[in-house]
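The data block below is coords12.cif; it holds mmCIF, C-alpha atoms.
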data_input
#
loop_
_atom_site.label_atom_id
_atom_site.label_comp_id
_atom_site.auth_asym_id
_atom_site.auth_seq_id
_atom_site.Cartn_x
_atom_site.Cartn_y
_atom_site.Cartn_z
CA MET C 236 -34.59 -157.23 -11.88
CA GLY C 237 -32.17 -159.73 -10.35
CA ALA C 238 -29.10 -157.78 -11.45
CA ALA C 239 -30.67 -154.46 -10.48
CA GLY C 240 -31.63 -155.83 -7.08
CA LEU C 241 -28.15 -157.19 -6.45
CA ARG C 242 -26.61 -153.87 -7.48
CA ALA C 243 -28.87 -152.07 -5.02
CA LEU C 244 -27.77 -154.40 -2.22
CA LEU C 245 -24.09 -153.91 -3.08
CA ASP C 246 -24.55 -150.15 -3.07
CA SER C 247 -25.97 -150.28 0.48
CA VAL C 248 -23.24 -152.09 2.39
CA ARG C 249 -21.73 -152.02 5.84
CA TYR C 250 -18.26 -153.48 6.47
CA GLU C 251 -17.71 -155.15 9.83
CA VAL C 252 -14.08 -154.88 10.96
CA LEU C 253 -12.17 -155.93 14.05
CA PRO C 254 -10.08 -153.39 15.99
CA ALA C 255 -6.60 -154.64 15.18
CA LYS C 256 -3.41 -152.59 14.90
CA SER C 257 -3.62 -152.33 11.11
CA THR C 258 -7.38 -151.85 10.76
CA GLU C 259 -7.34 -148.05 10.55
CA ASP C 260 -4.77 -148.05 7.73
CA GLU C 261 -6.63 -150.80 5.87
CA VAL C 262 -9.94 -148.92 6.05
CA LEU C 263 -8.33 -145.65 4.91
CA ALA C 264 -6.61 -147.39 2.01
CA HIS C 265 -9.53 -149.40 0.69
CA VAL C 266 -12.96 -148.33 2.00
CA PRO C 267 -14.84 -145.44 0.34
CA ARG C 268 -16.27 -142.84 2.70
CA ASP C 269 -19.84 -143.70 1.68
CA VAL C 270 -19.47 -147.24 3.07
CA VAL C 271 -20.53 -147.62 6.70
CA VAL C 272 -17.89 -149.25 8.92
CA THR C 273 -18.92 -151.23 11.98
CA VAL C 274 -16.34 -152.06 14.67
CA THR C 275 -16.65 -155.21 16.75
CA ALA C 276 -15.80 -155.60 20.42
CA SER C 277 -13.90 -158.53 21.89
CA PRO C 278 -14.83 -160.12 25.22
CA VAL C 279 -11.10 -160.63 25.76
CA ARG C 280 -9.89 -157.08 25.05
CA GLY C 281 -12.96 -155.17 26.20
CA LEU C 282 -14.52 -152.01 24.79
CA GLU C 283 -11.52 -149.69 24.74
CA PRO C 284 -10.04 -150.82 21.38
CA THR C 285 -13.51 -150.48 19.82
CA LEU C 286 -14.09 -146.99 21.19
CA ASP C 287 -10.59 -145.85 20.21
CA LEU C 288 -10.84 -147.08 16.62
CA THR C 289 -14.37 -145.71 16.30
CA GLY C 290 -13.19 -142.24 17.28
CA ARG C 291 -10.26 -142.30 14.87
CA LEU C 292 -12.33 -143.50 11.90
CA ALA C 293 -15.08 -140.99 12.65
CA GLY C 294 -12.37 -138.31 12.64
CA HIS C 295 -11.46 -139.41 9.10
CA GLY C 296 -15.03 -138.80 7.94
CA TYR C 297 -16.46 -142.31 8.08
CA ARG C 298 -19.88 -143.13 9.42
CA VAL C 299 -18.87 -145.59 12.13
CA VAL C 300 -21.07 -147.99 14.08
CA PRO C 301 -19.39 -149.36 17.22
CA HIS C 302 -20.53 -152.60 18.79
CA VAL C 303 -21.51 -152.02 22.42
CA PRO C 304 -22.10 -155.52 23.85
CA ALA C 305 -24.24 -155.50 26.97
CA ARG C 306 -22.05 -158.02 28.76
CA LEU C 307 -18.99 -155.75 28.48
CA LEU C 308 -20.67 -152.88 30.35
CA ARG C 309 -20.02 -152.68 34.08
CA ASP C 310 -23.09 -150.67 35.10
CA ASP C 311 -25.28 -147.67 34.26
CA ALA C 312 -22.44 -145.25 34.93
CA HIS C 313 -20.16 -147.09 32.50
CA LEU C 314 -22.89 -147.05 29.86
CA LYS C 315 -23.30 -143.30 30.32
CA GLU C 316 -19.52 -142.82 29.94
CA VAL C 317 -19.57 -144.83 26.70
CA VAL C 318 -22.54 -142.86 25.39
CA ASP C 319 -20.89 -139.51 26.16
CA ARG C 320 -17.62 -140.57 24.53
CA LEU C 321 -19.33 -141.78 21.36
CA ARG C 322 -21.52 -138.70 21.09
CA ALA C 323 -18.44 -136.49 21.48
CA ALA C 324 -16.93 -138.35 18.51
CA GLY C 325 -20.02 -137.64 16.43
CA VAL C 326 -21.34 -141.21 16.48
CA GLU C 327 -25.07 -141.44 15.77
CA ASP C 328 -25.45 -145.19 15.27
CA VAL C 329 -24.61 -148.08 17.62
CA PHE C 330 -25.07 -151.84 17.50
CA VAL C 331 -26.08 -153.45 20.80
CA PRO C 332 -25.71 -157.25 20.97
CA ALA C 333 -25.72 -159.25 24.18
CA GLY C 334 -22.07 -160.19 23.62
CA ASP C 335 -20.02 -163.23 24.52
CA ALA C 336 -18.36 -162.21 27.80
CA ASP C 337 -18.87 -165.03 30.28
CA PRO C 338 -19.35 -164.08 33.00
CA PRO C 339 -20.61 -160.57 32.19
CA ALA C 340 -18.40 -157.67 33.20
CA GLY C 341 -21.20 -156.16 35.27
CA THR C 342 -24.93 -155.86 35.73
CA TYR C 343 -26.12 -156.39 32.14
CA ALA C 344 -26.63 -159.98 31.03
CA GLY C 345 -28.48 -159.18 27.80
CA ALA C 346 -29.12 -156.43 25.30
CA LEU C 347 -32.69 -155.50 26.25
CA PRO C 348 -31.84 -153.79 29.58
CA VAL C 349 -29.17 -151.71 27.81
CA LEU C 350 -31.66 -150.73 25.11
CA ARG C 351 -34.20 -149.71 27.73
CA ARG C 352 -31.56 -147.66 29.53
CA LEU C 353 -30.65 -145.88 26.28
CA THR C 354 -34.30 -144.98 25.86
CA GLU C 355 -34.37 -143.64 29.42
CA LEU C 356 -31.29 -141.54 28.58
CA GLY C 357 -33.31 -139.79 25.89
CA ARG C 358 -32.36 -141.94 22.90
CA PRO C 359 -28.88 -140.41 22.41
CA PHE C 360 -28.35 -142.24 19.10
CA THR C 361 -30.43 -141.79 15.96
CA ARG C 362 -29.99 -145.43 14.98
CA VAL C 363 -29.69 -148.50 17.20
CA GLY C 364 -29.14 -151.99 15.82
CA VAL C 365 -29.88 -155.41 17.32
CA THR C 366 -29.06 -158.97 16.29
CA GLY C 367 -31.13 -161.47 14.32
CA TYR C 368 -30.34 -165.17 13.80
CA PRO C 369 -31.38 -166.74 10.44
CA GLU C 370 -29.43 -169.89 11.36
CA SER C 371 -30.09 -171.18 14.84
CA HIS C 372 -28.12 -169.67 17.68
CA PRO C 373 -26.00 -172.40 19.31
CA LEU C 374 -27.39 -171.64 22.77
CA ILE C 375 -30.81 -170.01 22.25
CA HIS C 376 -33.99 -171.52 20.74
CA ASP C 377 -35.24 -169.90 17.51
CA ASP C 378 -38.56 -168.88 19.09
CA VAL C 379 -36.67 -167.04 21.82
CA THR C 380 -34.51 -165.11 19.34
CA VAL C 381 -37.57 -164.00 17.35
CA GLN C 382 -39.37 -163.01 20.54
CA ALA C 383 -36.30 -161.02 21.57
CA MET C 384 -36.49 -158.98 18.37
CA TRP C 385 -40.16 -158.26 19.14
CA ASP C 386 -39.27 -157.17 22.67
CA LYS C 387 -36.53 -154.86 21.37
CA ARG C 388 -38.57 -153.22 18.61
CA GLU C 389 -39.54 -150.18 20.71
CA HIS C 390 -35.90 -149.34 21.44
CA ALA C 391 -34.09 -150.37 18.22
CA THR C 392 -34.30 -149.03 14.68
CA TYR C 393 -32.87 -151.94 12.67
CA ILE C 394 -31.73 -155.57 12.77
CA VAL C 395 -28.41 -157.04 11.63
CA SER C 396 -28.72 -160.71 10.75
CA ASN C 397 -25.87 -162.97 11.77
CA LEU C 398 -24.00 -165.16 9.33
CA CYS C 399 -26.06 -167.40 7.06
CA PHE C 400 -24.87 -169.58 4.18
CA ASP C 401 -28.19 -170.94 2.91
CA PRO C 402 -30.37 -168.63 0.77
CA ARG C 403 -33.47 -170.70 1.52
CA VAL C 404 -32.93 -170.43 5.27
CA LEU C 405 -32.37 -166.70 4.93
CA GLY C 406 -35.53 -166.21 2.89
CA ARG C 407 -37.66 -168.28 5.26
CA TRP C 408 -36.31 -166.38 8.27
CA ILE C 409 -37.23 -163.01 6.81
CA VAL C 410 -40.75 -164.24 6.04
CA ARG C 411 -41.04 -165.65 9.55
CA ILE C 412 -40.06 -162.48 11.39
CA ARG C 413 -42.40 -160.42 9.20
CA HIS C 414 -45.26 -162.79 9.99
CA ARG C 415 -44.45 -162.18 13.66
CA ASP C 416 -44.90 -158.43 13.02
CA VAL C 417 -41.22 -157.64 13.49
CA SER C 418 -41.07 -154.73 11.04
CA LEU C 419 -37.61 -153.27 11.68
CA PRO C 420 -35.47 -153.04 8.52
CA VAL C 421 -32.83 -155.76 8.18
CA HIS C 422 -29.19 -155.49 7.16
CA VAL C 423 -28.44 -158.98 5.89
CA GLY C 424 -25.24 -160.46 7.32
CA VAL C 425 -23.03 -162.07 4.67
CA ALA C 426 -19.45 -163.32 4.92
CA GLY C 427 -17.14 -161.58 2.51
CA PRO C 428 -14.72 -163.46 0.19
CA VAL C 429 -12.89 -164.98 3.14
CA GLN C 430 -9.80 -167.15 2.75
CA ARG C 431 -9.54 -169.73 5.51
CA ALA C 432 -5.77 -169.36 6.04
CA LYS C 433 -6.05 -165.59 6.43
CA LEU C 434 -9.03 -165.97 8.73
CA LEU C 435 -7.12 -168.29 11.04
CA ALA C 436 -4.03 -166.06 10.98
CA MET C 437 -6.13 -163.02 11.85
CA ALA C 438 -7.81 -164.83 14.74
CA THR C 439 -4.44 -165.87 16.14
CA ARG C 440 -2.95 -162.40 15.78
CA ILE C 441 -5.65 -160.25 17.38
CA GLY C 442 -7.52 -162.61 19.66
CA VAL C 443 -10.89 -164.09 18.89
CA GLY C 444 -13.43 -161.33 18.27
CA GLU C 445 -17.17 -161.59 18.58
CA SER C 446 -17.96 -162.59 15.01
CA THR C 447 -15.02 -165.01 14.87
CA ARG C 448 -16.20 -166.64 18.10
CA PHE C 449 -19.57 -167.22 16.51
CA LEU C 450 -17.90 -168.73 13.46
CA ALA C 451 -15.76 -170.98 15.64
CA ARG C 452 -18.89 -172.55 17.14
CA HIS C 453 -19.72 -173.83 13.63
CA PRO C 454 -16.59 -175.66 12.44
CA SER C 455 -18.33 -176.87 9.27
CA TRP C 456 -18.36 -173.26 8.09
CA PHE C 457 -14.56 -173.27 7.89
CA LEU C 458 -14.90 -176.08 5.35
CA ARG C 459 -17.10 -173.85 3.22
CA PHE C 460 -14.29 -171.31 3.07
CA ALA C 461 -11.58 -173.92 2.51
CA THR C 462 -13.19 -176.05 -0.21
CA PRO C 463 -12.47 -174.85 -3.77
CA GLY C 464 -15.73 -173.48 -5.12
CA GLY C 465 -17.39 -174.11 -1.76
CA TYR C 466 -18.24 -170.52 -0.89
CA SER C 467 -18.47 -167.14 -2.51
CA PRO C 468 -20.79 -164.34 -1.43
CA GLU C 469 -22.57 -164.16 -4.77
CA ARG C 470 -23.52 -167.85 -4.55
CA LEU C 471 -25.56 -166.92 -1.50
CA LEU C 472 -26.86 -163.62 -2.80
CA THR C 473 -27.84 -164.51 -6.37
CA PRO C 474 -30.54 -167.10 -5.53
CA ALA C 475 -31.72 -164.96 -2.61
CA VAL C 476 -32.11 -161.69 -4.54
CA ALA C 477 -35.85 -162.02 -5.06
CA ASP C 478 -36.46 -162.65 -1.37
CA LEU C 479 -34.09 -159.88 -0.27
CA THR C 480 -35.45 -157.22 -2.63
CA SER C 481 -39.14 -157.88 -2.11
CA PRO C 482 -40.74 -154.76 -0.56
CA ALA C 483 -42.25 -156.96 2.14
CA ALA C 484 -38.79 -158.13 3.22
CA LYS C 485 -37.72 -154.58 4.23
CA VAL C 486 -34.05 -155.34 3.61
CA ALA C 487 -31.99 -152.16 3.99
CA GLY C 488 -28.74 -153.56 2.56
CA LEU C 489 -25.86 -155.92 3.25
CA HIS C 490 -23.71 -156.25 6.35
CA LEU C 491 -20.45 -157.79 5.15
CA PHE C 492 -18.34 -159.66 7.70
CA THR C 493 -14.86 -158.89 6.42
CA PHE C 494 -12.90 -160.73 9.16
CA ASN C 495 -10.41 -157.92 8.47
CA GLN C 496 -9.91 -159.00 4.88
CA ILE C 497 -10.90 -155.47 4.02
CA ALA C 498 -9.07 -154.96 0.72
CA GLU C 499 -10.29 -158.31 -0.59
CA THR C 500 -13.89 -157.51 0.35
CA GLU C 501 -13.88 -154.13 -1.40
CA ARG C 502 -12.20 -155.57 -4.51
CA TRP C 503 -14.84 -158.28 -4.66
CA ARG C 504 -17.67 -155.75 -4.33
CA ARG C 505 -16.28 -153.46 -7.03
CA ALA C 506 -15.63 -156.35 -9.41
CA LEU C 507 -19.15 -157.71 -8.98
CA LEU C 508 -20.66 -154.26 -9.51
CA GLU C 509 -18.66 -153.97 -12.75
CA ARG C 510 -19.88 -157.39 -13.91
CA LEU C 511 -23.44 -156.33 -13.17
CA GLY C 512 -22.98 -153.26 -15.33
CA ALA C 513 -23.02 -150.65 -12.54
#
Could I get this file's structure written as structure tokens?
Amino acid sequence: MGAAGLRALLDSVRYEVLPAKSTEDEVLAHVPRDVVVTVTASPVRGLEPTLDLTGRLAGHGYRVVPHVPARLLRDDAHLKEVVDRLRAAGVEDVFVPAGDADPPAGTYAGALPVLRRLTELGRPFTRVGVTGYPESHPLIHDDVTVQAMWDKREHATYIVSNLCFDPRVLGRWIVRIRHRDVSLPVHVGVAGPVQRAKLLAMATRIGVGESTRFLARHPSWFLRFATPGGYSPERLLTPAVADLTSPAAKVAGLHLFTFNQIAETERWRRALLERLGA
């Protein structure tokens, strides 16, 4: 059951990428069309690179999920413009975090008002994702983050958990949110097979994106990537398989943070599937 459960998780993946100059070519070269691609948004560069890459990848036949951080939206009119542009590109799924822009670009300081506005606009997207935090958010108390998921449940359709490196923490978090009657399916956030040197080079080249900013707030995590044998995705997933594949957990699949190491992430996934006998 453990191998079968892990295979099922690896078959239901989303790859998070950052909108760099080479991202489109990397996705086309290495990512199968049945893998969902999510595109982050940087508080430094704004939404335009995200929207542009989303449109191009959707045109290539990918199911693309753009990040639409609340704090990058100027106002209701800007939100409506973004919605219309994404719908014209055939996008049916968006991820709405609060975002890191400080101060916010406009009237939205958090995700919930944006989610409510999307509902008022007639729910233009079939799927809407929100953030969950298995490991404590550096600025927000755990009880507040769980309450936020409860508040968003009427407007969202799924949760994406942020990075976690401890299978016990991940398992306990899933149990906790289910006990709080948060029933939205979860895409479990897992770092791909990241090499520290490439991660730092990528951050320098494109500017610090949303997921990299989160990582930078936890410098000990860099050590996990740098230490020989210190981190591999399967070391997190293997002991967590029972918790993640329990029907009560309602885990929909994996959300792999590639940090734009796209080829390496897909090679790792295919190799592990082969070892598992898929």
For the PyMOL selection byres ((chain C and resi 310-322) around 12), applied here, can you spell out every residue it catches as a PyMOL selection string? chain C and resi 282-283+285-294+299-309+323-329+331+339-344+348-361
The PyMOL selection byres ((chain C and resi 468) around 7) resolved against shown file, as an MDAnalysis selection string: chainID C and resid 425:428 466:467 469:472
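With all atoms listed in the file as the atoms that count, the minimum distance from His390 (chain C) to the choices C:Val363, C:Leu511, C:Val274, C:Val404 is reached by C:Val363.
The residues returned by the PyMOL selection byres ((chain C and resi 478) around 10) on the shown structure are Pro402, Arg403, Leu405, Gly406, Arg407, Ile409, Val410, Leu472, Pro474, Ala475, Val476, Ala477, Leu479, Thr480, Ser481, Pro482, Ala483, Ala484, Lys485 and Val486 of chain C.
Straight-line separation from CA of Ser247 (chain C) to CA of Val272 (chain C): 11.7 Å.
What separates CA of Arg510 (chain C) from CA of Val421 (chain C) is a distance of 25.7 Å.
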Give me the residues near region 488-501 of chain C as a PyMOL selection string, where near means some atom within 7 Å (using only C-alpha atoms) and where sequence neighbours in that chain fewer than 3 positions away do not count. chain C and resi 244-245+247-253+261-262+265-266+422-429+434+504-505
Rounded to one decimal in Å, what is the spacing between CA of Gly512 (chain C) and CA of Val395 (chain C)? 27.8 Å
Missing atoms in region 403-414 of chain C: can you complete it with all heavy atoms, as a PDB file, in the coordinates of the input?
ATOM      1  N   ARG C 403     -32.107-170.293   1.166  1.00  0.00           N
ATOM      2  CA  ARG C 403     -33.470-170.700   1.520  1.00  0.00           C
ATOM      3  C   ARG C 403     -33.754-170.426   2.990  1.00  0.00           C
ATOM      4  O   ARG C 403     -34.835-169.949   3.348  1.00  0.00           O
ATOM      5  CB  ARG C 403     -33.663-172.196   1.212  1.00  0.00           C
ATOM      6  CG  ARG C 403     -33.588-172.532  -0.272  1.00  0.00           C
ATOM      7  CD  ARG C 403     -33.483-174.024  -0.483  1.00  0.00           C
ATOM      8  NE  ARG C 403     -32.272-174.555   0.150  1.00  0.00           N
ATOM      9  CZ  ARG C 403     -31.928-175.838   0.147  1.00  0.00           C
ATOM     10  NH1 ARG C 403     -32.718-176.725  -0.441  1.00  0.00           N
ATOM     11  NH2 ARG C 403     -30.811-176.246   0.721  1.00  0.00           N
ATOM     12  N   VAL C 404     -32.773-170.722   3.838  1.00  0.00           N
ATOM     13  CA  VAL C 404     -32.930-170.430   5.270  1.00  0.00           C
ATOM     14  C   VAL C 404     -33.099-168.936   5.478  1.00  0.00           C
ATOM     15  O   VAL C 404     -33.960-168.486   6.254  1.00  0.00           O
ATOM     16  CB  VAL C 404     -31.712-170.963   6.056  1.00  0.00           C
ATOM     17  CG1 VAL C 404     -31.733-170.446   7.490  1.00  0.00           C
ATOM     18  CG2 VAL C 404     -31.709-172.484   6.053  1.00  0.00           C
ATOM     19  N   LEU C 405     -32.300-168.150   4.790  1.00  0.00           N
ATOM     20  CA  LEU C 405     -32.370-166.700   4.930  1.00  0.00           C
ATOM     21  C   LEU C 405     -33.739-166.179   4.508  1.00  0.00           C
ATOM     22  O   LEU C 405     -34.352-165.358   5.208  1.00  0.00           O
ATOM     23  CB  LEU C 405     -31.267-166.063   4.086  1.00  0.00           C
ATOM     24  CG  LEU C 405     -31.104-164.553   4.172  1.00  0.00           C
ATOM     25  CD1 LEU C 405     -30.860-164.106   5.603  1.00  0.00           C
ATOM     26  CD2 LEU C 405     -29.965-164.110   3.259  1.00  0.00           C
ATOM     27  N   GLY C 406     -34.227-166.649   3.361  1.00  0.00           N
ATOM     28  CA  GLY C 406     -35.530-166.210   2.890  1.00  0.00           C
ATOM     29  C   GLY C 406     -36.652-166.589   3.832  1.00  0.00           C
ATOM     30  O   GLY C 406     -37.553-165.784   4.109  1.00  0.00           O
ATOM     31  N   ARG C 407     -36.608-167.826   4.338  1.00  0.00           N
ATOM     32  CA  ARG C 407     -37.660-168.280   5.260  1.00  0.00           C
ATOM     33  C   ARG C 407     -37.625-167.478   6.562  1.00  0.00           C
ATOM     34  O   ARG C 407     -38.680-167.180   7.147  1.00  0.00           O
ATOM     35  CB  ARG C 407     -37.494-169.767   5.557  1.00  0.00           C
ATOM     36  CG  ARG C 407     -37.890-170.676   4.403  1.00  0.00           C
ATOM     37  CD  ARG C 407     -38.092-172.112   4.865  1.00  0.00           C
ATOM     38  NE  ARG C 407     -36.867-172.697   5.387  1.00  0.00           N
ATOM     39  CZ  ARG C 407     -36.022-173.429   4.659  1.00  0.00           C
ATOM     40  NH1 ARG C 407     -36.257-173.629   3.367  1.00  0.00           N
ATOM     41  NH2 ARG C 407     -34.951-173.966   5.207  1.00  0.00           N
ATOM     42  N   TRP C 408     -36.419-167.136   7.030  1.00  0.00           N
ATOM     43  CA  TRP C 408     -36.310-166.380   8.270  1.00  0.00           C
ATOM     44  C   TRP C 408     -36.918-164.992   8.134  1.00  0.00           C
ATOM     45  O   TRP C 408     -37.648-164.534   9.014  1.00  0.00           O
ATOM     46  CB  TRP C 408     -34.836-166.275   8.664  1.00  0.00           C
ATOM     47  CG  TRP C 408     -34.592-165.407   9.861  1.00  0.00           C
ATOM     48  CD1 TRP C 408     -34.819-165.713  11.168  1.00  0.00           C
ATOM     49  CD2 TRP C 408     -34.050-164.076   9.857  1.00  0.00           C
ATOM     50  NE1 TRP C 408     -34.464-164.666  11.980  1.00  0.00           N
ATOM     51  CE2 TRP C 408     -33.985-163.656  11.205  1.00  0.00           C
ATOM     52  CE3 TRP C 408     -33.608-163.222   8.849  1.00  0.00           C
ATOM     53  CZ2 TRP C 408     -33.505-162.391  11.557  1.00  0.00           C
ATOM     54  CZ3 TRP C 408     -33.121-161.969   9.205  1.00  0.00           C
ATOM     55  CH2 TRP C 408     -33.081-161.571  10.546  1.00  0.00           C
ATOM     56  N   ILE C 409     -36.655-164.341   7.017  1.00  0.00           N
ATOM     57  CA  ILE C 409     -37.230-163.010   6.810  1.00  0.00           C
ATOM     58  C   ILE C 409     -38.745-163.081   6.782  1.00  0.00           C
ATOM     59  O   ILE C 409     -39.438-162.260   7.403  1.00  0.00           O
ATOM     60  CB  ILE C 409     -36.669-162.390   5.514  1.00  0.00           C
ATOM     61  CG1 ILE C 409     -35.182-162.045   5.692  1.00  0.00           C
ATOM     62  CG2 ILE C 409     -37.461-161.146   5.120  1.00  0.00           C
ATOM     63  CD1 ILE C 409     -34.503-161.567   4.436  1.00  0.00           C
ATOM     64  N   VAL C 410     -39.289-164.074   6.074  1.00  0.00           N
ATOM     65  CA  VAL C 410     -40.750-164.240   6.040  1.00  0.00           C
ATOM     66  C   VAL C 410     -41.288-164.481   7.449  1.00  0.00           C
ATOM     67  O   VAL C 410     -42.311-163.919   7.854  1.00  0.00           O
ATOM     68  CB  VAL C 410     -41.136-165.401   5.108  1.00  0.00           C
ATOM     69  CG1 VAL C 410     -42.612-165.760   5.278  1.00  0.00           C
ATOM     70  CG2 VAL C 410     -40.850-165.031   3.658  1.00  0.00           C
ATOM     71  N   ARG C 411     -40.571-165.298   8.210  1.00  0.00           N
ATOM     72  CA  ARG C 411     -41.040-165.650   9.550  1.00  0.00           C
ATOM     73  C   ARG C 411     -41.099-164.444  10.473  1.00  0.00           C
ATOM     74  O   ARG C 411     -42.076-164.239  11.178  1.00  0.00           O
ATOM     75  CB  ARG C 411     -40.124-166.717  10.142  1.00  0.00           C
ATOM     76  CG  ARG C 411     -40.568-167.189  11.525  1.00  0.00           C
ATOM     77  CD  ARG C 411     -39.596-168.198  12.097  1.00  0.00           C
ATOM     78  NE  ARG C 411     -40.013-168.636  13.414  1.00  0.00           N
ATOM     79  CZ  ARG C 411     -39.227-169.263  14.273  1.00  0.00           C
ATOM     80  NH1 ARG C 411     -37.987-169.520  13.944  1.00  0.00           N
ATOM     81  NH2 ARG C 411     -39.679-169.627  15.445  1.00  0.00           N
ATOM     82  N   ILE C 412     -40.046-163.621  10.475  1.00  0.00           N
ATOM     83  CA  ILE C 412     -40.060-162.480  11.390  1.00  0.00           C
ATOM     84  C   ILE C 412     -41.110-161.459  10.953  1.00  0.00           C
ATOM     85  O   ILE C 412     -41.716-160.784  11.800  1.00  0.00           O
ATOM     86  CB  ILE C 412     -38.676-161.832  11.556  1.00  0.00           C
ATOM     87  CG1 ILE C 412     -38.191-161.181  10.264  1.00  0.00           C
ATOM     88  CG2 ILE C 412     -37.667-162.846  12.072  1.00  0.00           C
ATOM     89  CD1 ILE C 412     -36.920-160.358  10.432  1.00  0.00           C
ATOM     90  N   ARG C 413     -41.351-161.340   9.655  1.00  0.00           N
ATOM     91  CA  ARG C 413     -42.400-160.420   9.200  1.00  0.00           C
ATOM     92  C   ARG C 413     -43.785-160.924   9.592  1.00  0.00           C
ATOM     93  O   ARG C 413     -44.654-160.124   9.960  1.00  0.00           O
ATOM     94  CB  ARG C 413     -42.302-160.212   7.689  1.00  0.00           C
ATOM     95  CG  ARG C 413     -40.992-159.583   7.210  1.00  0.00           C
ATOM     96  CD  ARG C 413     -40.581-158.385   8.027  1.00  0.00           C
ATOM     97  NE  ARG C 413     -39.331-157.758   7.549  1.00  0.00           N
ATOM     98  CZ  ARG C 413     -38.526-157.064   8.297  1.00  0.00           C
ATOM     99  NH1 ARG C 413     -38.780-156.883   9.585  1.00  0.00           N
ATOM    100  NH2 ARG C 413     -37.430-156.520   7.814  1.00  0.00           N
ATOM    101  N   HIS C 414     -43.974-162.227   9.544  1.00  0.00           N
ATOM    102  CA  HIS C 414     -45.260-162.790   9.990  1.00  0.00           C
ATOM    103  C   HIS C 414     -45.465-162.581  11.489  1.00  0.00           C
ATOM    104  O   HIS C 414     -46.616-162.555  11.959  1.00  0.00           O
ATOM    105  CB  HIS C 414     -45.335-164.279   9.657  1.00  0.00           C
ATOM    106  CG  HIS C 414     -45.608-164.541   8.216  1.00  0.00           C
ATOM    107  ND1 HIS C 414     -45.502-165.796   7.634  1.00  0.00           N
ATOM    108  CD2 HIS C 414     -45.997-163.714   7.208  1.00  0.00           C
ATOM    109  CE1 HIS C 414     -45.809-165.722   6.357  1.00  0.00           C
ATOM    110  NE2 HIS C 414     -46.110-164.475   6.069  1.00  0.00           N
TER     111      HIS C 414
END
